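This is my_file-v8.cif. It holds mmCIF, C-alpha atoms.
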```
data_coords
loop_
_atom_site.label_atom_id
_atom_site.label_comp_id
_atom_site.auth_asym_id
_atom_site.auth_seq_id
_atom_site.Cartn_x
_atom_site.Cartn_y
_atom_site.Cartn_z
CA MET Q 19 14.37 -19.65 -0.02
CA LYS Q 20 17.20 -19.26 -2.43
CA ILE Q 21 17.98 -17.24 -5.55
CA LEU Q 22 20.22 -19.18 -7.93
CA GLY Q 23 20.62 -16.59 -10.65
CA ILE Q 24 19.67 -13.13 -11.86
CA GLY Q 25 20.00 -12.12 -15.49
CA ILE Q 26 19.27 -8.96 -17.44
CA LEU Q 27 18.67 -9.40 -21.15
CA ARG Q 28 17.46 -7.41 -24.09
CA TYR Q 29 15.29 -8.73 -26.89
CA ASN Q 30 14.48 -6.23 -29.60
CA SER Q 31 13.74 -6.44 -33.32
CA ASP Q 32 17.43 -5.92 -34.24
CA VAL Q 33 18.48 -9.29 -32.74
CA THR Q 34 17.20 -12.80 -33.47
CA GLU Q 35 18.01 -14.17 -30.01
CA PRO Q 36 17.92 -12.45 -26.61
CA VAL Q 37 21.22 -10.85 -25.59
CA MET Q 38 22.32 -11.66 -22.02
CA LEU Q 39 23.70 -8.28 -20.96
CA VAL Q 40 24.72 -9.27 -17.42
CA GLN Q 41 24.19 -12.34 -15.28
CA VAL Q 42 25.21 -13.45 -11.82
CA CYS Q 43 24.70 -16.82 -10.16
CA GLU Q 44 24.93 -18.08 -6.58
CA LEU Q 45 25.63 -21.80 -6.96
CA SER Q 46 27.44 -22.66 -3.74
CA SER Q 47 24.77 -25.25 -2.93
CA PHE Q 48 25.91 -27.30 -5.94
CA GLY Q 49 29.07 -29.35 -6.23
CA PHE Q 50 32.06 -27.64 -7.82
CA PHE Q 51 31.90 -29.74 -10.99
CA GLN Q 52 28.13 -29.18 -11.35
CA ARG Q 53 28.25 -25.39 -11.23
CA GLY Q 54 29.25 -24.83 -14.87
CA SER Q 55 26.40 -27.00 -16.13
CA VAL Q 56 23.88 -25.39 -13.78
CA ARG Q 57 24.96 -21.92 -14.92
CA GLU Q 58 24.56 -22.94 -18.57
CA MET Q 59 21.07 -24.28 -17.84
CA ILE Q 60 20.08 -21.05 -16.08
CA THR Q 61 21.33 -19.03 -19.05
CA PHE Q 62 19.49 -21.29 -21.49
CA PHE Q 63 16.21 -21.07 -19.55
CA ASN Q 64 16.49 -17.29 -19.14
CA LYS Q 65 17.02 -16.76 -22.89
CA THR Q 66 14.33 -19.24 -23.90
CA ILE Q 67 11.70 -17.82 -21.56
CA ALA Q 68 12.63 -14.21 -22.36
CA LYS Q 69 12.16 -14.96 -26.07
CA ARG Q 70 8.68 -16.33 -25.36
CA THR Q 71 7.53 -13.55 -23.02
CA PRO Q 72 5.46 -10.83 -24.72
CA LEU Q 73 6.48 -7.20 -24.25
CA GLY Q 74 5.08 -5.66 -21.07
CA GLN Q 75 4.35 -9.04 -19.48
CA ARG Q 76 5.44 -10.94 -16.40
CA GLN Q 77 5.41 -14.69 -16.07
CA SER Q 78 6.66 -17.52 -13.89
CA VAL Q 79 7.79 -20.80 -15.37
CA GLN Q 80 8.43 -23.89 -13.26
CA ASN Q 81 11.16 -26.38 -14.07
CA GLU Q 82 11.27 -29.22 -11.54
CA GLU Q 83 11.68 -27.61 -8.09
CA TYR Q 84 12.83 -24.24 -9.46
CA TYR Q 85 11.04 -21.22 -10.89
CA VAL Q 86 12.14 -18.63 -13.41
CA HIS Q 87 10.31 -15.34 -12.84
CA VAL Q 88 10.52 -13.04 -15.86
CA TYR Q 89 9.56 -9.43 -16.47
CA MET Q 90 9.83 -8.18 -20.07
CA ARG Q 91 9.38 -4.42 -20.26
CA THR Q 92 7.71 -2.82 -23.27
CA ASP Q 93 11.09 -1.50 -24.47
CA GLY Q 94 12.56 -5.02 -24.72
CA LEU Q 95 14.65 -4.94 -21.53
CA CYS Q 96 14.07 -8.11 -19.54
CA ALA Q 97 15.07 -9.41 -16.12
CA CYS Q 98 14.94 -13.02 -14.90
CA ILE Q 99 15.29 -14.52 -11.44
CA THR Q 100 15.86 -18.25 -11.07
CA CYS Q 101 14.95 -19.39 -7.57
CA ASP Q 102 13.51 -22.26 -5.59
CA ALA Q 103 9.77 -22.76 -5.11
CA GLU Q 104 9.80 -21.19 -1.63
CA TYR Q 105 10.87 -17.74 -2.84
CA ASN Q 106 7.81 -15.46 -2.86
CA PRO Q 107 6.83 -14.59 -6.48
CA ARG Q 108 5.47 -11.16 -5.49
CA VAL Q 109 8.82 -10.30 -3.97
CA ALA Q 110 10.64 -11.64 -7.05
CA PHE Q 111 8.62 -9.43 -9.39
CA SER Q 112 9.08 -6.30 -7.27
CA LEU Q 113 12.80 -7.07 -7.24
CA LEU Q 114 12.83 -7.49 -11.04
CA THR Q 115 11.15 -4.11 -11.50
CA LYS Q 116 13.66 -2.41 -9.20
CA MET Q 117 16.62 -4.04 -10.94
CA LEU Q 118 15.47 -2.98 -14.40
CA GLU Q 119 15.05 0.61 -13.22
CA ASP Q 120 18.50 0.58 -11.60
CA PHE Q 121 20.10 -1.03 -14.67
CA THR Q 122 18.59 1.54 -17.04
CA SER Q 123 20.10 4.31 -14.91
CA PHE Q 124 23.46 2.52 -14.73
CA TYR Q 125 23.77 1.61 -18.41
CA PRO Q 126 21.66 3.87 -20.66
CA GLY Q 127 23.29 2.41 -23.81
CA TRP Q 128 21.84 -1.07 -23.31
CA LEU Q 129 19.58 -0.75 -26.35
CA THR Q 130 22.49 -1.01 -28.80
CA GLU Q 131 24.53 -3.67 -26.98
CA LYS Q 132 24.81 -6.96 -28.92
CA ARG Q 133 27.65 -8.71 -27.05
CA GLN Q 134 26.75 -11.48 -24.61
CA GLU Q 135 27.50 -10.73 -20.93
CA SER Q 136 29.46 -7.63 -21.87
CA VAL Q 137 28.21 -5.38 -19.08
CA VAL Q 138 29.96 -5.34 -15.72
CA TRP Q 139 27.46 -4.27 -13.08
CA PRO Q 140 28.77 -4.73 -9.52
CA GLN Q 141 25.37 -3.98 -7.97
CA LEU Q 142 24.05 -7.30 -9.29
CA GLU Q 143 26.72 -9.22 -7.35
CA ASN Q 144 25.61 -7.43 -4.18
CA ASP Q 145 21.90 -7.86 -4.92
CA ILE Q 146 22.03 -11.64 -5.29
CA VAL Q 147 23.56 -11.86 -1.81
CA LYS Q 148 21.35 -9.18 -0.24
CA TYR Q 149 18.06 -10.51 -1.60
CA GLN Q 150 18.55 -14.14 -0.63
CA ASP Q 151 16.34 -13.03 2.24
CA PRO Q 152 13.09 -11.78 0.62
CA ALA Q 153 12.42 -9.46 3.57
CA ASN Q 154 15.28 -7.27 2.35
CA ALA Q 155 13.40 -6.68 -0.90
CA ASP Q 156 9.87 -6.28 0.36
CA GLN Q 157 8.37 -4.13 3.10
CA ILE Q 158 5.35 -6.42 3.47
CA MET Q 159 7.64 -9.38 4.15
CA LYS Q 160 9.40 -7.32 6.85
CA ILE Q 161 6.08 -6.49 8.49
CA GLN Q 162 4.96 -10.14 8.29
CA ARG Q 163 8.21 -11.29 9.91
CA SER Q 164 7.73 -8.75 12.70
CA LEU Q 165 4.16 -9.95 13.26
CA ASP Q 166 5.32 -13.59 13.32
CA GLU Q 167 7.99 -12.75 15.90
CA THR Q 168 5.43 -10.90 18.05
CA ARG Q 169 3.03 -13.84 17.83
CA ASP Q 170 5.81 -16.24 18.85
CA VAL Q 171 6.65 -14.07 21.87
CA LEU Q 172 3.00 -14.02 22.93
CA HIS Q 173 2.74 -17.79 22.61
CA GLN Q 174 5.92 -18.19 24.67
CA THR Q 175 4.54 -15.84 27.32
CA ILE Q 176 1.26 -17.73 27.64
CA GLU Q 177 3.12 -21.05 27.73
CA SER Q 178 5.43 -19.79 30.46
CA VAL Q 179 2.41 -18.78 32.58
CA LEU Q 180 0.89 -22.21 32.07
CA GLN Q 181 4.20 -23.95 32.86
CA ARG Q 182 4.19 -22.45 36.33
CA GLY Q 183 1.23 -24.64 37.12
CA GLU Q 184 -1.45 -22.04 36.64
CA LYS Q 185 -4.25 -22.74 34.26
CA LEU Q 186 -5.80 -19.89 32.37
CA GLU Q 187 -9.28 -21.16 33.28
CA ASP Q 188 -8.40 -21.02 36.98
CA LEU Q 189 -7.13 -17.46 36.64
CA VAL Q 190 -10.33 -16.41 34.90
CA GLU Q 191 -12.48 -18.04 37.60
CA ARG Q 192 -10.54 -16.40 40.45
CA SER Q 193 -10.46 -12.98 38.89
CA GLY Q 194 -12.67 -10.55 40.71
CA GLU Q 195 -12.09 -7.93 38.04
CA LEU Q 196 -14.00 -9.82 35.36
CA SER Q 197 -17.74 -9.59 35.27
CA SER Q 198 -19.77 -12.78 35.14
CA GLN Q 199 -20.63 -11.90 31.55
CA SER Q 200 -16.93 -11.77 30.58
CA LYS Q 201 -16.34 -15.12 32.29
CA LEU Q 202 -19.28 -16.65 30.45
CA PHE Q 203 -17.97 -15.24 27.15
CA TYR Q 204 -14.52 -16.74 27.82
CA LYS Q 205 -16.00 -20.19 28.54
CA GLN Q 206 -18.21 -20.11 25.44
CA ALA Q 207 -15.33 -18.96 23.23
CA LYS Q 208 -13.09 -21.68 24.61
CA ARG Q 209 -15.76 -24.29 23.97
CA ALA Q 210 -16.36 -23.01 20.42
CA ASN Q 211 -12.63 -22.99 19.63
CA SER Q 212 -11.88 -26.34 21.24
CA CYS Q 213 -11.76 -28.00 17.81
CA CYS Q 214 -8.99 -25.70 16.65
CA ALA Q 215 -5.38 -25.69 17.77
CA VAL Q 216 -3.46 -22.48 18.29
CA VAL Q 217 -0.37 -22.44 16.09
#
```

Can you turn what I pasted into structure tokens?
Amino acid sequence: MKILGIGILRYNSDVTEPVMLVQVCELSSFGFFQRGSVREMITFFNKTIAKRTPLGQRQSVQNEEYYVHVYMRTDGLCACITCDAEYNPRVAFSLLTKMLEDFTSFYPGWLTEKRQESVVWPQLENDIVKYQDPANADQIMKIQRSLDETRDVLHQTIESVLQRGEKLEDLVERSGELSSQSKLFYKQAKRANSCCAVV
């Protein structure tokens, strides 16, 4: 999961082309001599897609193995995230909404700005680093990660019990605390689930 670029643009009736107000890119995965071209392509795609996104709409556009997620507010302020296909779109759109709210508070005069990349907004530099991990942007992703870690610990625990030479079936059979009905249920469940592997 990787964010390559974040851009904030405006596209209102007083301009013929979208104005890139501020943009930041994280292109360390590209060769030094490729970075300028990649940045130009990101800028081009952001402006092109912003121009074709109706007011109040969100959309995702795929270009090869990358996506550009765009949110164009009804007032003409637009944010774009260029990322790889693994980056969760729901997280990208919640991040775009947050960034537009923060930018409006930071730079209330954006509506009259006509110069390309004229706004210096340090928060965007921090955000592209911080949100490389989608869990930093989304509470649901944090909860999912926690659940995945808990599941992994449980799998490790069961495997460690089995590695000591004890089989779960043997433990169930020897247990005096389980009723015969519970033992029967365990055997039937194991037989029913035998076609499925635990991940």

Problem set entry | Distance in Å - atom CA of Q:Leu39 versus atom CA of Q:Leu22 | 17.3 Å

For this session: Mind checking which residues fall within 12 Å of stretch 45-53 of chain Q, counting only C-alpha atoms, ignoring those fewer than 6 positions away in the same chain, and posting them as an MDAnalysis selection string?
Result: chainID Q and resid 20:24 59:60 100:102 146:147

Output the selection as a compact mmCIF listing (two decimals), in the frame of the given file - C-alpha atoms for each residue.
```
# COMPACT_ATOMS: atom_id res chain seq x y z
CA LYS Q 20 17.20 -19.26 -2.43
CA ILE Q 21 17.98 -17.24 -5.55
CA LEU Q 22 20.22 -19.18 -7.93
CA GLY Q 23 20.62 -16.59 -10.65
CA ILE Q 24 19.67 -13.13 -11.86
CA MET Q 59 21.07 -24.28 -17.84
CA ILE Q 60 20.08 -21.05 -16.08
CA THR Q 100 15.86 -18.25 -11.07
CA CYS Q 101 14.95 -19.39 -7.57
CA ASP Q 102 13.51 -22.26 -5.59
CA ILE Q 146 22.03 -11.64 -5.29
CA VAL Q 147 23.56 -11.86 -1.81
```

For this session: Evaluate the PyMOL selection byres ((chain Q and resi 105) around 12) here and jot the selected residues down as an MDAnalysis selection string.
Result: chainID Q and resid 19:22 78 83:87 99:104 106:111 113 149:153 155:156 159

Take the residues from that selection and put them in a file with C-alpha atoms, as an mmCIF file, in the coordinates of the input.
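Wrote it out as selection09.cif, contents follow:
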```
data_model
loop_
_atom_site.group_PDB
_atom_site.id
_atom_site.type_symbol
_atom_site.label_atom_id
_atom_site.label_comp_id
_atom_site.auth_asym_id
_atom_site.auth_seq_id
_atom_site.Cartn_x
_atom_site.Cartn_y
_atom_site.Cartn_z
ATOM 1 C CA MET Q 19 14.370 -19.650 -0.020
ATOM 2 C CA LYS Q 20 17.200 -19.260 -2.430
ATOM 3 C CA ILE Q 21 17.980 -17.240 -5.550
ATOM 4 C CA LEU Q 22 20.220 -19.180 -7.930
ATOM 5 C CA SER Q 78 6.660 -17.520 -13.890
ATOM 6 C CA GLU Q 83 11.680 -27.610 -8.090
ATOM 7 C CA TYR Q 84 12.830 -24.240 -9.460
ATOM 8 C CA TYR Q 85 11.040 -21.220 -10.890
ATOM 9 C CA VAL Q 86 12.140 -18.630 -13.410
ATOM 10 C CA HIS Q 87 10.310 -15.340 -12.840
ATOM 11 C CA ILE Q 99 15.290 -14.520 -11.440
ATOM 12 C CA THR Q 100 15.860 -18.250 -11.070
ATOM 13 C CA CYS Q 101 14.950 -19.390 -7.570
ATOM 14 C CA ASP Q 102 13.510 -22.260 -5.590
ATOM 15 C CA ALA Q 103 9.770 -22.760 -5.110
ATOM 16 C CA GLU Q 104 9.800 -21.190 -1.630
ATOM 17 C CA ASN Q 106 7.810 -15.460 -2.860
ATOM 18 C CA PRO Q 107 6.830 -14.590 -6.480
ATOM 19 C CA ARG Q 108 5.470 -11.160 -5.490
ATOM 20 C CA VAL Q 109 8.820 -10.300 -3.970
ATOM 21 C CA ALA Q 110 10.640 -11.640 -7.050
ATOM 22 C CA PHE Q 111 8.620 -9.430 -9.390
ATOM 23 C CA LEU Q 113 12.800 -7.070 -7.240
ATOM 24 C CA TYR Q 149 18.060 -10.510 -1.600
ATOM 25 C CA GLN Q 150 18.550 -14.140 -0.630
ATOM 26 C CA ASP Q 151 16.340 -13.030 2.240
ATOM 27 C CA PRO Q 152 13.090 -11.780 0.620
ATOM 28 C CA ALA Q 153 12.420 -9.460 3.570
ATOM 29 C CA ALA Q 155 13.400 -6.680 -0.900
ATOM 30 C CA ASP Q 156 9.870 -6.280 0.360
ATOM 31 C CA MET Q 159 7.640 -9.380 4.150
#
```

Exercise. Which one of Q:Ala210, Q:Val40, Q:Ile67, Q:Ile26 sits closest to Q:Ala97 if you count all atoms listed in the file?
Worked result: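 Under the stated criterion, the closest residue is Q:Ile26.
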
Exercise. Between Q:Glu119, Q:Glu35, Q:Asp93, Q:Asp145, which has the minimum distance to Q:Arg70 (counting all atoms listed in the file)?
Worked result: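 Counting all atoms listed in the file, the residue closest to Q:Arg70 is Q:Glu35.
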
Quick one: residues within 10 Å of Q:Tyr125, only C-alpha atoms counted, chain neighbours fewer than 4 positions away excluded, as a CSV table (one decimal) with C-alpha atoms, keeping the file's coordinate frame?
```csv
chain,number,residue,atom,x,y,z
Q,120,ASP,CA,18.5,0.6,-11.6
Q,121,PHE,CA,20.1,-1.0,-14.7
Q,129,LEU,CA,19.6,-0.8,-26.4
Q,137,VAL,CA,28.2,-5.4,-19.1
Q,138,VAL,CA,30.0,-5.3,-15.7
Q,139,TRP,CA,27.5,-4.3,-13.1
```

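Nearest residue to Q:Thr34, choosing from Q:Val56, Q:Tyr89, Q:Thr66, Q:Thr61 and counting all atoms listed in the file: Q:Thr66.
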
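With atom CA of Q:Cys43 on one side and atom CA of Q:Ser31 on the other, the separation reads 27.6 Å.
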
Problem set entry | Atom pair atom CA of Q:Pro72 / atom CA of Q:Thr130: separation (Å) |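 About the pair atom CA of Q:Pro72 and atom CA of Q:Thr130: they are 20.1 Å apart.
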
Seminar exercise, completed: Using all atoms listed in the file, the residue out of Q:Asn81, Q:Phe124, Q:Lys65, Q:Leu142 with shortest distance to Q:Cys98 is Q:Lys65

Problem set entry | Chain and number of each residue from the PyMOL selection byres ((chain Q and resi 95) around 8), as a PyMOL selection string | chain Q and resi 26-29+90-94+96-97+118

Seminar exercise, completed: Across Q:Asn30, Q:Glu135, Q:Ala207, Q:Leu202, the smallest distance to Q:Ala68, with all atoms listed in the file counted, is shown by Q:Asn30

For this session: Rank Q:Thr71, Q:Arg57, Q:Gln80, Q:Gly25 by their smallest atom-to-atom distance to Q:Met117, using all atoms listed in the file, and report the top residue only.
Result: Q:Gly25

Incomplete stretch 95-106 of chain Q filled out to all heavy atoms as a CSV table (one decimal), in the coordinates of the input:
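Output (out-v5.csv):
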```
chain,number,residue,atom,x,y,z
Q,95,LEU,N,13.7,-4.6,-22.6
Q,95,LEU,CA,14.6,-4.9,-21.5
Q,95,LEU,C,14.0,-5.9,-20.6
Q,95,LEU,O,12.8,-5.8,-20.2
Q,95,LEU,CB,15.1,-3.7,-20.8
Q,95,LEU,CG,16.2,-3.9,-19.7
Q,95,LEU,CD1,17.5,-4.3,-20.4
Q,95,LEU,CD2,16.4,-2.6,-19.0
Q,96,CYS,N,14.7,-7.0,-20.3
Q,96,CYS,CA,14.1,-8.1,-19.5
Q,96,CYS,C,15.0,-8.5,-18.4
Q,96,CYS,O,16.2,-8.5,-18.5
Q,96,CYS,CB,13.9,-9.3,-20.5
Q,96,CYS,SG,13.3,-10.8,-19.8
Q,97,ALA,N,14.3,-8.9,-17.3
Q,97,ALA,CA,15.1,-9.4,-16.1
Q,97,ALA,C,14.5,-10.8,-15.7
Q,97,ALA,O,13.3,-11.0,-15.8
Q,97,ALA,CB,15.0,-8.4,-14.9
Q,98,CYS,N,15.4,-11.7,-15.3
Q,98,CYS,CA,14.9,-13.0,-14.9
Q,98,CYS,C,15.6,-13.3,-13.5
Q,98,CYS,O,16.7,-13.0,-13.3
Q,98,CYS,CB,15.4,-14.1,-15.9
Q,98,CYS,SG,14.9,-13.8,-17.6
Q,99,ILE,N,14.8,-14.0,-12.7
Q,99,ILE,CA,15.3,-14.5,-11.4
Q,99,ILE,C,15.0,-16.0,-11.4
Q,99,ILE,O,13.8,-16.4,-11.6
Q,99,ILE,CB,14.6,-13.9,-10.2
Q,99,ILE,CG1,15.1,-12.4,-10.0
Q,99,ILE,CG2,14.9,-14.6,-8.9
Q,99,ILE,CD1,14.5,-11.7,-8.8
Q,100,THR,N,16.0,-16.8,-11.2
Q,100,THR,CA,15.9,-18.2,-11.1
Q,100,THR,C,16.0,-18.5,-9.6
Q,100,THR,O,17.0,-18.2,-9.0
Q,100,THR,CB,16.9,-19.0,-11.9
Q,100,THR,OG1,16.9,-18.6,-13.2
Q,100,THR,CG2,16.7,-20.5,-11.8
Q,101,CYS,N,15.0,-19.2,-9.0
Q,101,CYS,CA,15.0,-19.4,-7.6
Q,101,CYS,C,14.2,-20.7,-7.2
Q,101,CYS,O,13.6,-21.3,-8.1
Q,101,CYS,CB,14.3,-18.2,-6.9
Q,101,CYS,SG,12.7,-17.8,-7.4
Q,102,ASP,N,14.2,-21.1,-6.0
Q,102,ASP,CA,13.5,-22.3,-5.6
Q,102,ASP,C,12.0,-21.9,-5.4
Q,102,ASP,O,11.6,-20.7,-5.5
Q,102,ASP,CB,14.1,-22.9,-4.3
Q,102,ASP,CG,14.1,-22.0,-3.1
Q,102,ASP,OD1,13.4,-21.0,-3.1
Q,102,ASP,OD2,14.8,-22.3,-2.1
Q,103,ALA,N,11.2,-22.9,-5.2
Q,103,ALA,CA,9.8,-22.8,-5.1
Q,103,ALA,C,9.3,-22.0,-3.9
Q,103,ALA,O,8.2,-21.4,-3.9
Q,103,ALA,CB,9.1,-24.1,-5.1
Q,104,GLU,N,10.2,-21.9,-2.9
Q,104,GLU,CA,9.8,-21.2,-1.6
Q,104,GLU,C,9.9,-19.7,-1.7
Q,104,GLU,O,9.3,-19.0,-0.9
Q,104,GLU,CB,10.7,-21.7,-0.5
Q,104,GLU,CG,10.5,-23.1,-0.1
Q,104,GLU,CD,11.4,-23.5,1.0
Q,104,GLU,OE1,11.9,-22.7,1.8
Q,104,GLU,OE2,11.6,-24.7,1.2
Q,105,TYR,N,10.7,-19.2,-2.7
Q,105,TYR,CA,10.9,-17.7,-2.8
Q,105,TYR,C,9.6,-17.1,-3.3
Q,105,TYR,O,9.0,-17.5,-4.3
Q,105,TYR,CB,12.0,-17.4,-3.8
Q,105,TYR,CG,12.6,-16.1,-3.6
Q,105,TYR,CD1,13.7,-15.9,-2.7
Q,105,TYR,CD2,12.2,-14.9,-4.2
Q,105,TYR,CE1,14.3,-14.7,-2.4
Q,105,TYR,CE2,12.7,-13.7,-4.0
Q,105,TYR,CZ,13.8,-13.6,-3.1
Q,105,TYR,OH,14.3,-12.3,-2.9
Q,106,ASN,N,9.1,-16.1,-2.6
Q,106,ASN,CA,7.8,-15.5,-2.9
Q,106,ASN,C,7.8,-14.8,-4.2
Q,106,ASN,O,8.6,-13.9,-4.5
Q,106,ASN,CB,7.6,-14.4,-1.8
Q,106,ASN,CG,6.2,-13.8,-1.8
Q,106,ASN,OD1,5.7,-13.4,-2.9
Q,106,ASN,ND2,5.5,-13.8,-0.7
```
